[in-house]
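Only one structure is covered here, and it is reproduced in the block below.
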Amino acid sequence: MRLGVAGPVGTGKSSLIATLCRALSDELRLGVITNDIYTDEDARFLRSAGVLDPERIRPVETGACPHTAIRDDVTANLLAAEDLEADFGPLDLVIIESGGDNLTATFSPALVDAQVFVLDVAGGGDVVRKGGPGIARADLLVINKTDLGVHVGVDVERMTREGRNVRHGAPVVALSQHDETSIRTLTGWVRNTLAHYRTGKHTPVDPGPMAPHFHADQNGEEPHMHTHTHDQDPAHAGQSA
C-alpha cells in the first residue's frame with residue numbers, strides 16, 4: 001500500500017513519518033519517498049534519525065511546485081516507488097511525503113491508496129475551519145504538535161472537534177510526539193487501513209481539487225454550502241486551463 005502524507009510547510013510531516021517508522025518497522029516492510037523542490041533535506045533528516053535502512057528512504061526533487069509531482073504528473077514518485085519495490089520488495093507499506101505545500105495539496109489516487117493531511121496547532125486554531133480538500137476529505141486528518149497548544153493560545157480540543165465537524169465525522173487524530181496514546185491511535189489507524197487494503201476491497205478516494213465550502217450571504221442570511229462544477233459553468237466555457 002502507498003500512503004501519502006501532505007500538509008503545509010512546517011506541520012511536522014517528516015517527524016510524523018519518523019514516528020510511524022519507529023513504531024512499525026519491526027512488523028512491516030517499509031519504504032519512504034520524500035518530495036522537495038530543490039533539496040533532499042527531508043530524506044536526509046529521516047536517514048539521520050535512524051528510523052530505517054537509509055537505502056529505503058528515497059528523495060524526489062520536484063523542481064517545481066510540490067503539488068505537481070504528487071497530483072498532476074506523478075511519474076517521478078511512481079518510479080521511485082517501483083525502484084524501492086524492486087530493491088527491497090515485497091514491501092508492505094511505502095510512505096510518500098509531499099513537499100510542504102498549502103491547504104490545496106492532495107495526492108492523485110493514481111499515486112497513493114490512502115492519504116493523511118497534517119496540520120499543526122502552531123498554525124492557528126482557526127486553520128481547520130478554513131477547509132480545503134485535504135482537510136475535508138483526506139482519509140485521515142492529523143492535528144499535530146498538540147503539546148504546543150498551551151504555548152500558542154490554541155484550544156486543542158476545540159480544534160479537534162471542529163476538524164471532525166468539517167469532515168462530517170471522518171477520522172481525526174490529535175497527535176503529540178510526547179503522547180504515546182496518540183501515537184498508538186495513529187499507528188492503529190495505519191494498521192487498520194492496511195488490513196482493509198489487503199482484503200482487496202479498498203478503493204482510493206480522490207479528495208479532489210476543491211471541497212464543498214461556504215459563502216457568507218451578502219444579505220446577512222445563513223451561509224450556504226455548494227460545490228463548484230466549473231466544467232458545467234457557462235461562465236467558464238471556452239476558457240483555457
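Identifiers for the C-alpha cells are assigned positionally: chains receive A, B, ... in sequence, residues are indexed from 1 per chain, and ligands are indexed from 1 in the order shown.
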
**Prompt:** If you run DSSP on the backbone, which residues of stretch 44-232 of chain A are helix (DSSP H, G or I), as JSON, numbers by chain?
**Reply:** {"A": [44, 45, 46, 47, 48, 49, 54, 55, 56, 66, 67, 68, 69, 70, 71, 72, 75, 76, 77, 78, 79, 80, 81, 82, 83, 84, 85, 86, 87, 88, 121, 122, 123, 127, 128, 129, 130, 133, 134, 135, 136, 137, 146, 147, 148, 149, 150, 151, 152, 156, 157, 158, 159, 160, 161, 162, 163, 164, 165, 166, 180, 181, 182, 183, 184, 185, 186, 187, 188, 189, 190, 191, 192, 193, 194, 195, 196, 197, 198, 230, 231, 232]}

Under the rule of at most 12 Å, produce a per-residue listing of stretch 141-162 of chain A near stretch 103-116 of chain A: chain, number, name, the closest pair of atoms, and the distance in Å, as JSON lines, using only C-alpha atoms.
{"residue": "A:Leu141", "atom": "CA", "partner": "A:Val116", "partner_atom": "CA", "distance": 5.8}
{"residue": "A:Val142", "atom": "CA", "partner": "A:Val116", "partner_atom": "CA", "distance": 7.1}
{"residue": "A:Ile143", "atom": "CA", "partner": "A:Val116", "partner_atom": "CA", "distance": 10.6}
{"residue": "A:Asn144", "atom": "CA", "partner": "A:Val116", "partner_atom": "CA", "distance": 11.7}

Prev. selection, C-alpha atoms, output as a compact mmCIF listing (two decimals), in the first residue's frame:
# COMPACT_ATOMS: atom_id res chain seq x y z
CA LEU A 141 -6.64 14.43 9.33
CA VAL A 142 -3.81 14.77 11.86
CA ILE A 143 -3.71 17.80 14.15
CA ASN A 144 -0.08 17.72 15.14

Notebook entry, point to check: Mind checking DSSP for stretch 96-174 of chain A and telling me the strand (DSSP E) residues as a PyMOL selection string?
Noted result: chain A and resi 96-97+114-120+140-144+172-174

Fewer than 4 positions away in the same chain doesn't count, so skip those; otherwise give me all residues within 9 Å of stretch 168-172 of chain A, counting only C-alpha atoms, as a list in words. Ala136, Arg137, Ala138, Asp139, Leu140, Leu141, Val142, Ile143, Thr160, Arg161, Gly163, Arg164 and Trp189 of chain A

Practice item. Show which residues sit within 9 Å of A:His178, as number ranges by chain. Count only C-alpha atoms, and ignore same-chain residues fewer than 4 positions away. Key: A: 145, 147, 182-183

Write the residues of the selection above to a file with N, CA, C and O atoms, as a PDB file, in the first residue's frame.
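The result, stored in result-v7.pdb:
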ATOM      1  N   LYS A 145       1.406  18.323  16.959  1.00  0.00           N
ATOM      2  CA  LYS A 145       2.079  19.173  17.950  1.00  0.00           C
ATOM      3  C   LYS A 145       1.103  19.707  19.003  1.00  0.00           C
ATOM      4  O   LYS A 145       1.177  20.868  19.411  1.00  0.00           O
ATOM      5  N   ASP A 147       0.975  19.326  22.040  1.00  0.00           N
ATOM      6  CA  ASP A 147       1.610  19.780  23.275  1.00  0.00           C
ATOM      7  C   ASP A 147       1.964  21.266  23.236  1.00  0.00           C
ATOM      8  O   ASP A 147       2.206  21.880  24.289  1.00  0.00           O
ATOM      9  N   SER A 182      -1.645   8.965  21.751  1.00  0.00           N
ATOM     10  CA  SER A 182      -1.966   9.498  20.426  1.00  0.00           C
ATOM     11  C   SER A 182      -1.158   8.787  19.337  1.00  0.00           C
ATOM     12  O   SER A 182      -1.669   8.565  18.226  1.00  0.00           O
ATOM     13  N   ILE A 183       0.060   8.394  19.642  1.00  0.00           N
ATOM     14  CA  ILE A 183       0.866   7.656  18.669  1.00  0.00           C
ATOM     15  C   ILE A 183       0.239   6.298  18.397  1.00  0.00           C
ATOM     16  O   ILE A 183       0.170   5.841  17.248  1.00  0.00           O
TER      17      ILE A 183
END

Judged by only C-alpha atoms, the minimum distance to A:Gly134 among A:Ala64, A:Ile33, A:Val5, A:Met159 is found for A:Val5

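Counting only C-alpha atoms, the residue from A:Glu162, A:Asn77, A:Glu27, A:Gly188 that sits nearest to A:Ile96 is A:Asn77.
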
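Using only C-alpha atoms, the shortest contact distance between A:Glu157 and any of A:Gly131, A:Ala18, A:Val121, A:Thr185 is found at A:Val121.
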
With distances taken over only C-alpha atoms, the candidate from A:Glu180, A:Gly124, A:Leu46, A:Leu186 nearest A:Val156 is A:Gly124

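Residues in contact range of A:Lys13, defined as at most 8 Å between only C-alpha atoms, with sequence neighbours fewer than 5 positions away removed, read Val5, Ala6, Gly7, Glu97 and Val118 of chain A.
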
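Note that atom CA of A:Gly99 and atom CA of A:Gly10 are 10.2 Å apart.
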
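Taking only C-alpha atoms into account, A:Cys21 lies nearest to A:Leu52 out of the set A:Leu52, A:Val128, A:Leu91, A:Ala81.
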
Tell me which protein, DNA and RNA residues are within 12 Å of A:Asp53, counting only C-alpha atoms, leaving out same-chain ones fewer than 5 positions away, and put them as a PDB file with N, CA, C and O atoms, in the first residue's frame.
ATOM      1  N   CYS A  21       7.690   5.046  11.284  1.00  0.00           N
ATOM      2  CA  CYS A  21       8.746   4.076  11.003  1.00  0.00           C
ATOM      3  C   CYS A  21       9.268   3.426  12.283  1.00  0.00           C
ATOM      4  O   CYS A  21       9.491   2.211  12.330  1.00  0.00           O
ATOM      5  N   ARG A  22       9.450   4.224  13.329  1.00  0.00           N
ATOM      6  CA  ARG A  22       9.921   3.661  14.599  1.00  0.00           C
ATOM      7  C   ARG A  22       8.932   2.639  15.148  1.00  0.00           C
ATOM      8  O   ARG A  22       9.319   1.594  15.673  1.00  0.00           O
ATOM      9  N   SER A  25       8.366  -0.503  12.007  1.00  0.00           N
ATOM     10  CA  SER A  25       9.397  -1.159  11.197  1.00  0.00           C
ATOM     11  C   SER A  25       9.694  -2.582  11.645  1.00  0.00           C
ATOM     12  O   SER A  25      10.206  -3.385  10.851  1.00  0.00           O
ATOM     13  N   ARG A  29       7.305  -4.262   6.403  1.00  0.00           N
ATOM     14  CA  ARG A  29       8.415  -3.950   5.490  1.00  0.00           C
ATOM     15  C   ARG A  29       8.102  -2.591   4.848  1.00  0.00           C
ATOM     16  O   ARG A  29       7.160  -2.468   4.070  1.00  0.00           O
ATOM     17  N   LEU A  30       8.917  -1.596   5.187  1.00  0.00           N
ATOM     18  CA  LEU A  30       8.605  -0.209   4.871  1.00  0.00           C
ATOM     19  C   LEU A  30       9.580   0.387   3.862  1.00  0.00           C
ATOM     20  O   LEU A  30      10.733  -0.032   3.759  1.00  0.00           O
ATOM     21  N   GLY A  31       9.096   1.398   3.152  1.00  0.00           N
ATOM     22  CA  GLY A  31       9.920   2.265   2.335  1.00  0.00           C
ATOM     23  C   GLY A  31       9.350   3.674   2.419  1.00  0.00           C
ATOM     24  O   GLY A  31       8.161   3.850   2.709  1.00  0.00           O
ATOM     25  N   VAL A  32      10.181   4.680   2.201  1.00  0.00           N
ATOM     26  CA  VAL A  32       9.753   6.073   2.302  1.00  0.00           C
ATOM     27  C   VAL A  32      10.261   6.847   1.092  1.00  0.00           C
ATOM     28  O   VAL A  32      11.409   6.668   0.658  1.00  0.00           O
ATOM     29  N   ALA A  43      14.683  13.721   3.245  1.00  0.00           N
ATOM     30  CA  ALA A  43      15.263  12.375   3.222  1.00  0.00           C
ATOM     31  C   ALA A  43      16.471  12.284   4.143  1.00  0.00           C
ATOM     32  O   ALA A  43      16.652  11.301   4.875  1.00  0.00           O
ATOM     33  N   ARG A  44      17.309  13.324   4.127  1.00  0.00           N
ATOM     34  CA  ARG A  44      18.494  13.316   4.992  1.00  0.00           C
ATOM     35  C   ARG A  44      18.100  13.348   6.468  1.00  0.00           C
ATOM     36  O   ARG A  44      18.740  12.705   7.311  1.00  0.00           O
ATOM     37  N   LEU A  46      15.366  12.023   7.784  1.00  0.00           N
ATOM     38  CA  LEU A  46      14.882  10.693   8.154  1.00  0.00           C
ATOM     39  C   LEU A  46      16.034   9.686   8.230  1.00  0.00           C
ATOM     40  O   LEU A  46      16.056   8.823   9.104  1.00  0.00           O
ATOM     41  N   ARG A  47      16.969   9.808   7.303  1.00  0.00           N
ATOM     42  CA  ARG A  47      18.126   8.906   7.353  1.00  0.00           C
ATOM     43  C   ARG A  47      18.933   9.115   8.632  1.00  0.00           C
ATOM     44  O   ARG A  47      19.365   8.155   9.273  1.00  0.00           O
ATOM     45  N   SER A  48      19.145  10.382   8.996  1.00  0.00           N
ATOM     46  CA  SER A  48      19.932  10.682  10.199  1.00  0.00           C
ATOM     47  C   SER A  48      19.214  10.256  11.470  1.00  0.00           C
ATOM     48  O   SER A  48      19.856   9.992  12.493  1.00  0.00           O
ATOM     49  N   ARG A  58      14.041   7.308  -0.131  1.00  0.00           N
ATOM     50  CA  ARG A  58      14.432   7.839  -1.429  1.00  0.00           C
ATOM     51  C   ARG A  58      13.877   9.260  -1.615  1.00  0.00           C
ATOM     52  O   ARG A  58      12.675   9.481  -1.432  1.00  0.00           O
ATOM     53  N   LEU A  84      12.008   1.168  -5.174  1.00  0.00           N
ATOM     54  CA  LEU A  84      12.027   0.626  -3.817  1.00  0.00           C
ATOM     55  C   LEU A  84      11.524  -0.817  -3.804  1.00  0.00           C
ATOM     56  O   LEU A  84      12.109  -1.692  -3.144  1.00  0.00           O
ATOM     57  N   PHE A  88      13.822  -3.839  -2.548  1.00  0.00           N
ATOM     58  CA  PHE A  88      13.544  -4.351  -1.206  1.00  0.00           C
ATOM     59  C   PHE A  88      12.231  -5.134  -1.105  1.00  0.00           C
ATOM     60  O   PHE A  88      11.873  -5.560  -0.008  1.00  0.00           O
TER      61      PHE A  88
END

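Those residues that approach A:Ala195 to within 12 Å, counting only C-alpha atoms, are Met1, Leu28, Asp92, Leu93, Gly188, Trp189, Val190, Gly200, Lys201 and His202 of chain A; same-chain residues fewer than 5 positions away are not listed.
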
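The space between atom CA of A:Arg56 and atom CA of A:Asp36 spans 17.0 Å.
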